[in-house]
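What's in final06.csv: CSV, C-alpha atoms
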```
chain,number,residue,atom,x,y,z
A,1,MET,CA,-18.1,-90.8,-42.8
A,2,THR,CA,-20.1,-87.8,-41.6
A,3,ASP,CA,-23.7,-87.6,-42.5
A,4,TYR,CA,-24.0,-83.9,-43.1
A,5,LYS,CA,-27.6,-84.0,-44.2
A,6,GLU,CA,-28.6,-85.7,-40.9
A,7,GLU,CA,-26.7,-83.2,-38.8
A,8,GLN,CA,-28.3,-80.4,-40.6
A,9,THR,CA,-31.8,-81.8,-40.2
A,10,ASN,CA,-31.2,-82.4,-36.5
A,11,GLU,CA,-30.1,-78.8,-36.0
A,12,ILE,CA,-33.1,-77.5,-37.8
A,13,GLU,CA,-35.4,-79.4,-35.4
A,14,ALA,CA,-33.5,-78.1,-32.4
A,15,LEU,CA,-33.6,-74.5,-33.7
A,16,GLU,CA,-37.4,-74.7,-34.3
A,17,SER,CA,-37.8,-75.8,-30.7
A,18,ILE,CA,-35.5,-73.1,-29.2
A,19,TYR,CA,-36.9,-70.2,-31.3
A,20,PRO,CA,-40.5,-71.0,-32.0
A,21,GLU,CA,-41.5,-67.4,-32.9
A,22,GLU,CA,-38.2,-66.2,-34.3
A,23,PHE,CA,-37.4,-69.1,-36.6
A,24,GLU,CA,-38.6,-69.3,-40.2
A,25,ILE,CA,-37.7,-71.8,-42.9
A,26,LEU,CA,-37.2,-70.1,-46.3
A,27,ASP,CA,-36.3,-73.2,-48.4
A,28,VAL,CA,-35.5,-76.9,-48.0
A,29,GLU,CA,-34.0,-78.1,-51.3
A,30,PRO,CA,-31.3,-78.6,-52.2
A,31,ARG,CA,-30.3,-77.5,-48.7
A,32,HIS,CA,-32.0,-75.7,-45.8
A,33,LYS,CA,-32.3,-71.9,-45.9
A,34,PHE,CA,-33.8,-70.3,-42.8
A,35,LYS,CA,-34.1,-67.0,-41.0
A,36,ILE,CA,-33.9,-66.2,-37.3
A,37,ILE,CA,-34.9,-62.8,-35.8
A,38,VAL,CA,-32.5,-61.5,-33.2
A,39,LYS,CA,-33.5,-58.8,-30.7
A,40,SER,CA,-31.5,-57.0,-28.1
A,41,GLU,CA,-32.1,-57.6,-24.5
A,42,GLY,CA,-32.7,-55.2,-21.6
A,43,SER,CA,-30.0,-54.7,-19.0
A,44,ASP,CA,-30.4,-53.8,-15.3
A,45,SER,CA,-26.8,-52.6,-15.0
A,46,LEU,CA,-27.5,-49.4,-16.9
A,47,ASP,CA,-29.3,-47.7,-13.9
A,48,ASP,CA,-31.0,-44.7,-15.5
A,49,ILE,CA,-29.7,-45.4,-19.0
A,50,LYS,CA,-32.5,-46.6,-21.3
A,51,ALA,CA,-31.2,-48.5,-24.3
A,52,GLU,CA,-33.4,-48.5,-27.4
A,53,PRO,CA,-34.5,-52.0,-28.6
A,54,ALA,CA,-32.8,-53.2,-31.7
A,55,GLU,CA,-33.6,-56.0,-34.1
A,56,ILE,CA,-31.8,-57.8,-36.9
A,57,ALA,CA,-32.4,-60.8,-39.1
A,58,LEU,CA,-29.8,-63.6,-39.5
A,59,ASN,CA,-30.3,-65.5,-42.8
A,60,PHE,CA,-28.5,-68.9,-43.0
A,61,GLU,CA,-27.9,-71.4,-45.8
A,62,TYR,CA,-26.2,-74.7,-45.2
A,63,THR,CA,-23.3,-75.7,-47.4
A,64,PRO,CA,-22.9,-79.3,-48.6
A,65,SER,CA,-20.3,-80.1,-45.9
A,66,TYR,CA,-21.7,-78.0,-43.0
A,67,PRO,CA,-20.6,-78.1,-40.1
A,68,ASP,CA,-17.1,-78.8,-41.3
A,69,GLU,CA,-17.4,-75.5,-43.2
A,70,PRO,CA,-19.2,-72.3,-42.2
A,71,PRO,CA,-22.8,-71.7,-43.3
A,72,ILE,CA,-23.6,-68.9,-45.7
A,73,MET,CA,-24.8,-66.0,-43.6
A,74,GLU,CA,-26.5,-62.7,-44.3
A,75,ILE,CA,-27.2,-60.0,-41.6
A,76,ILE,CA,-30.1,-57.7,-42.3
A,77,PRO,CA,-30.9,-54.6,-40.1
A,78,ILE,CA,-34.5,-54.3,-39.1
A,79,GLU,CA,-34.9,-51.7,-36.2
A,80,ASN,CA,-32.6,-49.1,-34.7
A,81,VAL,CA,-29.5,-50.5,-36.4
A,82,GLU,CA,-27.6,-49.0,-39.3
A,83,GLU,CA,-26.1,-51.1,-42.0
A,84,GLU,CA,-22.5,-49.9,-41.4
A,85,ASP,CA,-22.8,-50.7,-37.7
A,86,LEU,CA,-23.2,-54.4,-38.5
A,87,ASP,CA,-19.8,-54.7,-40.2
A,88,ASP,CA,-18.2,-55.4,-36.8
A,89,LEU,CA,-20.8,-58.1,-36.1
A,90,ARG,CA,-20.1,-59.8,-39.5
A,91,GLU,CA,-16.4,-60.0,-38.6
A,92,GLN,CA,-17.1,-61.3,-35.2
A,93,LEU,CA,-19.4,-64.1,-36.5
A,94,GLN,CA,-16.9,-65.1,-39.1
A,95,ALA,CA,-14.4,-65.5,-36.3
A,96,GLN,CA,-16.9,-67.6,-34.3
A,97,CYS,CA,-17.4,-69.9,-37.3
A,98,GLU,CA,-13.7,-70.6,-37.5
A,99,GLU,CA,-13.6,-71.4,-33.8
A,100,ASN,CA,-16.6,-73.8,-34.1
A,101,LEU,CA,-15.8,-75.7,-37.2
A,102,GLY,CA,-16.8,-79.4,-37.0
A,103,MET,CA,-19.8,-78.6,-34.6
A,104,VAL,CA,-23.2,-77.3,-35.4
A,105,MET,CA,-22.9,-73.7,-34.7
A,106,VAL,CA,-26.1,-71.8,-35.6
A,107,PHE,CA,-27.2,-71.6,-31.9
A,108,THR,CA,-23.8,-70.2,-31.0
A,109,LEU,CA,-23.9,-67.6,-33.7
A,110,VAL,CA,-27.4,-66.5,-32.8
A,111,SER,CA,-26.5,-66.3,-29.1
A,112,TYR,CA,-23.4,-64.2,-29.9
A,113,SER,CA,-25.5,-61.9,-32.1
A,114,VAL,CA,-28.0,-61.3,-29.2
A,115,GLU,CA,-25.1,-60.4,-26.9
A,116,TRP,CA,-23.4,-58.2,-29.4
A,117,LEU,CA,-26.6,-56.3,-30.3
A,118,THR,CA,-27.5,-55.8,-26.6
A,119,THR,CA,-24.0,-54.4,-25.9
A,120,HIS,CA,-24.1,-52.3,-28.9
A,121,MET,CA,-27.3,-50.6,-28.0
A,122,GLU,CA,-26.1,-50.1,-24.4
A,123,ASP,CA,-23.0,-48.4,-25.7
A,124,LEU,CA,-25.1,-46.1,-27.8
A,125,ALA,CA,-27.3,-45.2,-24.9
A,126,ARG,CA,-24.3,-44.7,-22.6
A,127,ASN,CA,-22.6,-42.4,-25.2
A,128,ALA,CA,-25.8,-40.5,-25.7
A,129,LYS,CA,-26.2,-40.0,-21.9
A,130,GLU,CA,-22.5,-38.9,-21.5
A,131,GLU,CA,-23.0,-36.4,-24.4
A,132,PHE,CA,-26.1,-35.1,-22.8
A,133,GLU,CA,-24.3,-34.7,-19.4
A,134,ARG,CA,-21.4,-33.0,-21.1
A,135,LYS,CA,-23.6,-30.4,-22.9
A,136,LYS,CA,-25.5,-29.9,-19.7
A,137,LYS,CA,-22.3,-29.2,-17.8
A,138,GLU,CA,-21.1,-26.8,-20.4
A,139,GLN,CA,-24.4,-24.9,-20.3
A,140,GLU,CA,-24.3,-24.8,-16.5
A,141,GLU,CA,-20.7,-23.5,-16.6
A,142,ALA,CA,-21.7,-20.9,-19.2
A,143,ASP,CA,-24.7,-19.8,-17.1
A,144,ARG,CA,-22.5,-19.6,-14.0
A,145,LYS,CA,-19.9,-17.4,-15.7
A,146,LYS,CA,-22.7,-15.2,-17.1
A,147,PHE,CA,-24.1,-14.5,-13.6
A,148,GLU,CA,-20.7,-14.4,-11.9
A,149,GLY,CA,-19.4,-11.6,-14.2
A,150,THR,CA,-15.8,-10.5,-14.7
A,151,ARG,CA,-13.6,-10.6,-11.6
A,152,VAL,CA,-12.6,-7.0,-10.7
A,153,THR,CA,-8.9,-6.2,-10.1
A,154,VAL,CA,-7.1,-2.9,-9.6
A,155,GLU,CA,-6.0,-2.9,-13.2
A,156,THR,CA,-9.4,-3.7,-14.7
A,157,PHE,CA,-11.0,-1.0,-12.4
A,158,LEU,CA,-8.6,1.7,-13.5
A,159,VAL,CA,-9.2,0.8,-17.2
A,160,TRP,CA,-13.0,1.0,-16.6
A,161,LYS,CA,-12.6,4.3,-14.6
A,162,ALA,CA,-10.6,6.0,-17.4
A,163,LYS,CA,-13.2,4.9,-19.9
A,164,PHE,CA,-16.1,6.1,-17.7
A,165,ASP,CA,-14.5,9.5,-17.0
A,166,ALA,CA,-13.9,10.0,-20.8
A,167,GLU,CA,-17.5,9.2,-21.6
A,168,MET,CA,-18.8,11.6,-18.8
A,169,ALA,CA,-16.5,14.4,-20.0
A,170,ALA,CA,-17.9,14.0,-23.5
A,171,LEU,CA,-21.4,14.1,-22.3
A,172,ARG,CA,-20.7,17.3,-20.3
A,173,SER,CA,-19.1,19.0,-23.3
A,174,GLU,CA,-22.1,18.0,-25.4
A,175,ARG,CA,-24.5,19.4,-22.8
A,176,GLU,CA,-22.6,22.6,-22.5
A,177,ARG,CA,-22.6,23.1,-26.3
A,178,GLU,CA,-26.3,22.6,-26.4
A,179,GLU,CA,-26.9,25.0,-23.5
A,180,GLU,CA,-24.7,27.6,-25.2
A,181,LYS,CA,-26.5,27.2,-28.4
A,182,ASN,CA,-30.0,27.5,-26.9
A,183,LYS,CA,-29.1,30.4,-24.5
A,184,LYS,CA,-31.1,33.7,-24.8
A,185,PHE,CA,-28.8,36.8,-24.4
A,186,THR,CA,-29.9,40.2,-22.9
A,187,GLY,CA,-29.3,43.4,-24.8
A,188,ARG,CA,-26.2,44.1,-22.8
A,189,GLU,CA,-24.8,40.6,-23.4
A,190,LEU,CA,-25.5,41.0,-27.1
A,191,PHE,CA,-23.5,44.1,-27.3
A,192,GLN,CA,-20.7,42.6,-25.2
A,193,THR,CA,-20.6,39.5,-27.4
A,194,ASP,CA,-21.1,41.1,-30.8
A,195,GLN,CA,-19.1,44.4,-31.2
A,196,THR,CA,-20.7,45.0,-34.7
A,197,LEU,CA,-23.9,46.0,-33.0
A,198,ASN,CA,-22.2,49.2,-31.6
A,199,GLU,CA,-21.7,50.4,-35.1
A,200,SER,CA,-25.1,49.5,-36.4
A,201,ASP,CA,-26.7,53.0,-35.7
A,202,LEU,CA,-23.6,54.8,-37.1
A,203,SER,CA,-23.8,52.7,-40.2
A,204,PHE,CA,-27.4,53.6,-40.5
A,205,LEU,CA,-26.8,57.4,-40.2
A,206,GLY,CA,-23.6,57.3,-42.2
A,207,ASP,CA,-20.4,59.2,-41.7
A,208,GLY,CA,-21.4,62.4,-43.6
A,209,GLU,CA,-21.3,60.5,-46.8
A,210,GLY,CA,-25.1,60.7,-47.2
A,211,GLU,CA,-27.6,63.7,-46.7
A,212,VAL,CA,-31.0,63.7,-45.1
A,213,THR,CA,-33.6,65.0,-47.5
A,214,VAL,CA,-36.5,67.0,-46.0
A,215,ASP,CA,-39.8,67.2,-47.8
A,216,GLU,CA,-40.7,70.9,-47.6
A,217,SER,CA,-44.2,70.3,-48.8
A,218,LEU,CA,-45.1,69.0,-45.5
A,219,PHE,CA,-44.6,72.4,-44.0
A,220,GLN,CA,-46.4,74.6,-46.7
A,221,ASP,CA,-49.7,74.7,-44.8
A,222,LEU,CA,-48.3,76.0,-41.6
A,223,GLU,CA,-48.8,79.7,-42.6
A,224,ASP,CA,-52.6,79.1,-42.9
A,225,LEU,CA,-52.9,78.0,-39.4
A,226,ASP,CA,-54.4,80.7,-37.0
A,227,LEU,CA,-51.9,80.8,-34.3
A,228,ASP,CA,-52.1,83.6,-31.7
A,229,ASP,CA,-48.6,84.0,-30.5
A,230,GLU,CA,-49.5,86.8,-28.1
A,231,ASP,CA,-52.3,84.9,-26.5
A,232,ASP,CA,-50.0,82.1,-26.1
A,233,GLU,CA,-47.3,84.3,-24.5
A,234,ASP,CA,-49.8,86.0,-22.1
A,235,TYR,CA,-51.6,83.0,-21.0
A,236,VAL,CA,-51.0,82.1,-17.5
A,237,PRO,CA,-52.2,78.7,-16.3
A,238,GLY,CA,-54.8,79.0,-13.6
A,239,ALA,CA,-55.5,82.8,-14.1
A,240,ASP,CA,-59.1,82.3,-15.1
A,241,GLU,CA,-59.8,80.2,-12.1
A,242,GLY,CA,-58.6,83.0,-9.8
A,243,LEU,CA,-60.8,85.6,-11.4
A,244,SER,CA,-63.8,83.5,-11.2
A,245,ASP,CA,-63.3,83.4,-7.5
```

Representation of the structure as structure tokens:
Amino acid sequence: MTDYKEEQTNEIEALESIYPEEFEILDVEPRHKFKIIVKSEGSDSLDDIKAEPAEIALNFEYTPSYPDEPPIMEIIPIENVEEEDLDDLREQLQAQCEENLGMVMVFTLVSYSVEWLTTHMEDLARNAKEEFERKKKEQEEADRKKFEGTRVTVETFLVWKAKFDAEMAALRSEREREEEKNKKFTGRELFQTDQTLNESDLSFLGDGEGEVTVDESLFQDLEDLDLDDEDDEDYVPGADEGLSD
């Protein structure tokens, strides 16, 4: 008959020796409960990929007939691991328990957990690097296209030329309109461009429809002026000068 208590005690002593810093007993009676801290390991195969360290805790509790039945296990994330990421590890450890029934298996379960955690963190680092390289390549391609510009063909040039000519024609028309608007005309040009100016004086004088009124009072004092018509008629410019000689 198998002495389960003895096998369990012997395994506890071995685990304390193998994991002096990671192992911790949580309870002894009625059966052992203990915790082992599991950390990911570094890898030299990743070249320039740096995987973040990760850490979990494996809590175990022996059952009455362990190792002929699996121990009770609990996986607790500690560092750089999400709870949902550990679902796969839980399934894998259950499979390991089924394969190792009848043999003490905690060391095997811990070793498998170390390997799984290390691989998981390497995969995360590799995926992060690949994503970085992909985005970097996309950015470089976008920058290259930006500097390369659009390839010119006969068709694209003709389309551009037609658009350019239309824009230049519009600018010329606008400039001509502005010049015409701001141009100063001479008198001759004004008469040539505006025929109504020819009739402005006639309109002012009228076509006989109106009469010009003379103010006779302006001429009433002319009779009082002492005007010598005869002297004016006999006056010869320069005559006095000749007599004086």

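Going from atom CA of A:Asp3 over to atom CA of A:Met105, you cover 16.0 Å.
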
Exercise for the section: Calculate how many Å separate atom CA of A:Leu58 from atom CA of A:Ile36, rounding to one decimal. Expected result: 5.3 Å

Completion exercise
Judged by all atoms listed in the file, the minimum distance to A:Glu61 among A:Glu91, A:Asp123, A:Asp27, A:Asp85 is found for A:Asp27

Problem - Residue nearest A:Pro77 - candidates A:Ile37, A:Ser111, A:Gln92, A:Pro64, atoms counted: all atoms listed in the file - result: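 Nearest to A:Pro77: A:Ile37.
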
Handout entry: Counting all atoms listed in the file, the residue of A:Glu155, A:Glu11, A:Glu141, A:Asp87 that sits nearest A:Val106
Key = A:Glu11

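Counting from atom CA of A:Thr2, the distance to atom CA of A:Glu69 is 12.7 Å.
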
Handout entry: Of the listed residues A:Ile12, A:Leu171, A:Ile78, A:Val114, that which approaches A:Phe60 most closely, counting all atoms listed in the file
Key = A:Ile12

Handout entry: Sphere at (-20.9, -55.5, -36.6), radius 10 Å, counting all atoms listed in the file: residues as a ChimeraX atom specification
Key = /A:75,81-93,113,116-117,120
